[in-house]
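Engineer: Here you go, one structure.
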Amino acid sequence: MTAVIAIYSHKGGVGKTTTAVNLAYLAAQNGHNTLLCDLDPQGASSFYFRIKPKVVKDARHLNTTHNAIARSIKGTDYDHLDLLPADLSYRSLELAFSDKKQPTKRLSRVLRPLRQEYAYIFLDCPPTLNLLAENIFTAADRLLIPLIPTTLAVNAYAQMLAFMKKKGHDTQALYTFLSMVDARRKLHREVATAVYQQYPRVLYTPIPALSQIEQMGRHRQPLPAFAPRSTAAKAYQALWTEFQHKALVNRNL
Ligand SMILES: Nc1ncnc2c1ncn2[C@@H]1O[C@H](COP(=O)(O)OP(=O)(O)O)[C@@H](O)[C@H]1O
Ligand SMILES: [Mg+2]
């Protein structure tokens, strides 16, 4: 069964794209057909895979949403890993979004036919808390939330949880990990402890703040592809293993 995994936060710069790129790469490396959907119009995950966003000038020949999506998917340099580039996924979504019925289920419908082709579909989400966010909550089987352990970020996280609950979305599908953790900072350590005590489904594996991770922008590659034995690559591998174990195995996906 396919797992649609949204790497989501309504905050920017918290590690969503970096995590989506690395986890999608790790899933594909295990031999599973994997699709990474770049839902952020800034196109960051497309950038990491050296895929040039191509602008489709005339959308009239794209008669159905499914066709539009299928034509838009690009291969990457890596086996089993495909990418739906940002502008193209937006164009497809716009087509689907022109359907006024069930406005929160549009993304879900766009992804449905792709479930037959992929074991994992990762959504690299833009920082929004609007209708697109609701589409993401509805479409995703699991949400994976990067949370930087600072007081302000945790307040924003609590607001996001409240928004989800108010809108009737299932917070049981939501898993969180601590992102960009600097263990030398007392505040990070204290807030991290409080997060583990206060919130359910916080994964045990943190992703530390490491300059190695920033190097991905220079290499334009997933981290485990250019530095497989690095501390950072090991952290992403541990996070993926833990997430699979806790969120995906035996959870009726
Ligand atoms: N664990 C980390 N340690 C250091 N830098 C990081 C880490 N995770 C992400 N970054 C850097 O922080 C910036 C924002 O990360 P990104 O994944 O693009 O965030 P988002 O998608 O949430 O906006 C990028 O420059 C990225 O290289
Ligand atoms: Mg991003």
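By convention here, the chains of the structure tokens are called A, B, ... in the order presented, each chain's residues are numbered starting at 1, and ligands are numbered starting at 1 in the order presented.
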If we count only C-alpha atoms, what is near Leu23 in chain A at a cut-off of 8 Å, once residues fewer than 5 positions away on the same chain are taken out, given as a list in words?
Structural biologist: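 Surrounding residues, per the criterion: Tyr236, Gln237 and Trp240 of chain A.
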Engineer: Step by step, measure atom-to-atom distances between ligand 2 and each residue using only C-alpha atoms and all ligand atoms, keep those at most 7 Å, then write them as a list in words.
Structural biologist: Gly12, Gly13, Gly15, Lys16, Thr17, Asp40, Ala44, Asp124, Cys125 and Pro126 of chain A
Engineer: Could I get the residue neighbourhood of ligand 1 at 9 Å, counting only C-alpha atoms and all ligand atoms, as JSON, numbers by chain?
Structural biologist: {"A": [7, 8, 9, 10, 11, 12, 13, 14, 15, 16, 17, 18, 19, 20, 21, 40, 44, 45, 124, 125, 126, 127, 146, 179, 180, 181, 182, 206, 207, 208, 209, 210, 211, 212, 213, 214, 215, 216, 217, 232]}
Engineer: Quote the spacing between CA of Arg229 in chain A and CA of Arg184 in chain A in Å to one decimal place.
Structural biologist: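 The value is 22.9 Å.
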Engineer: Pull the strand (DSSP E or B) assignments for range 68-192 of chain A out of DSSP run on the backbone, and list those residues as an MDAnalysis selection string.
Structural biologist: chainID A and resid 74:75 81:84 120:124 142:147 174:178 181
Engineer: Pick from A:Pro103, A:Pro222, A:Pro228, A:Gly75: nearest to Ile136 in chain A, with only C-alpha atoms counted?
Structural biologist: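 Comparing A:Pro103, A:Pro222, A:Pro228, A:Gly75 against Ile136 in chain A, the winner is A:Pro103.
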Engineer: Please, what distance in Å, to one decimal, runs between CA of Thr34 in chain A and CA of Ala119 in chain A?
Structural biologist: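 Separating CA of Thr34 in chain A from CA of Ala119 in chain A is a distance of 6.0 Å.
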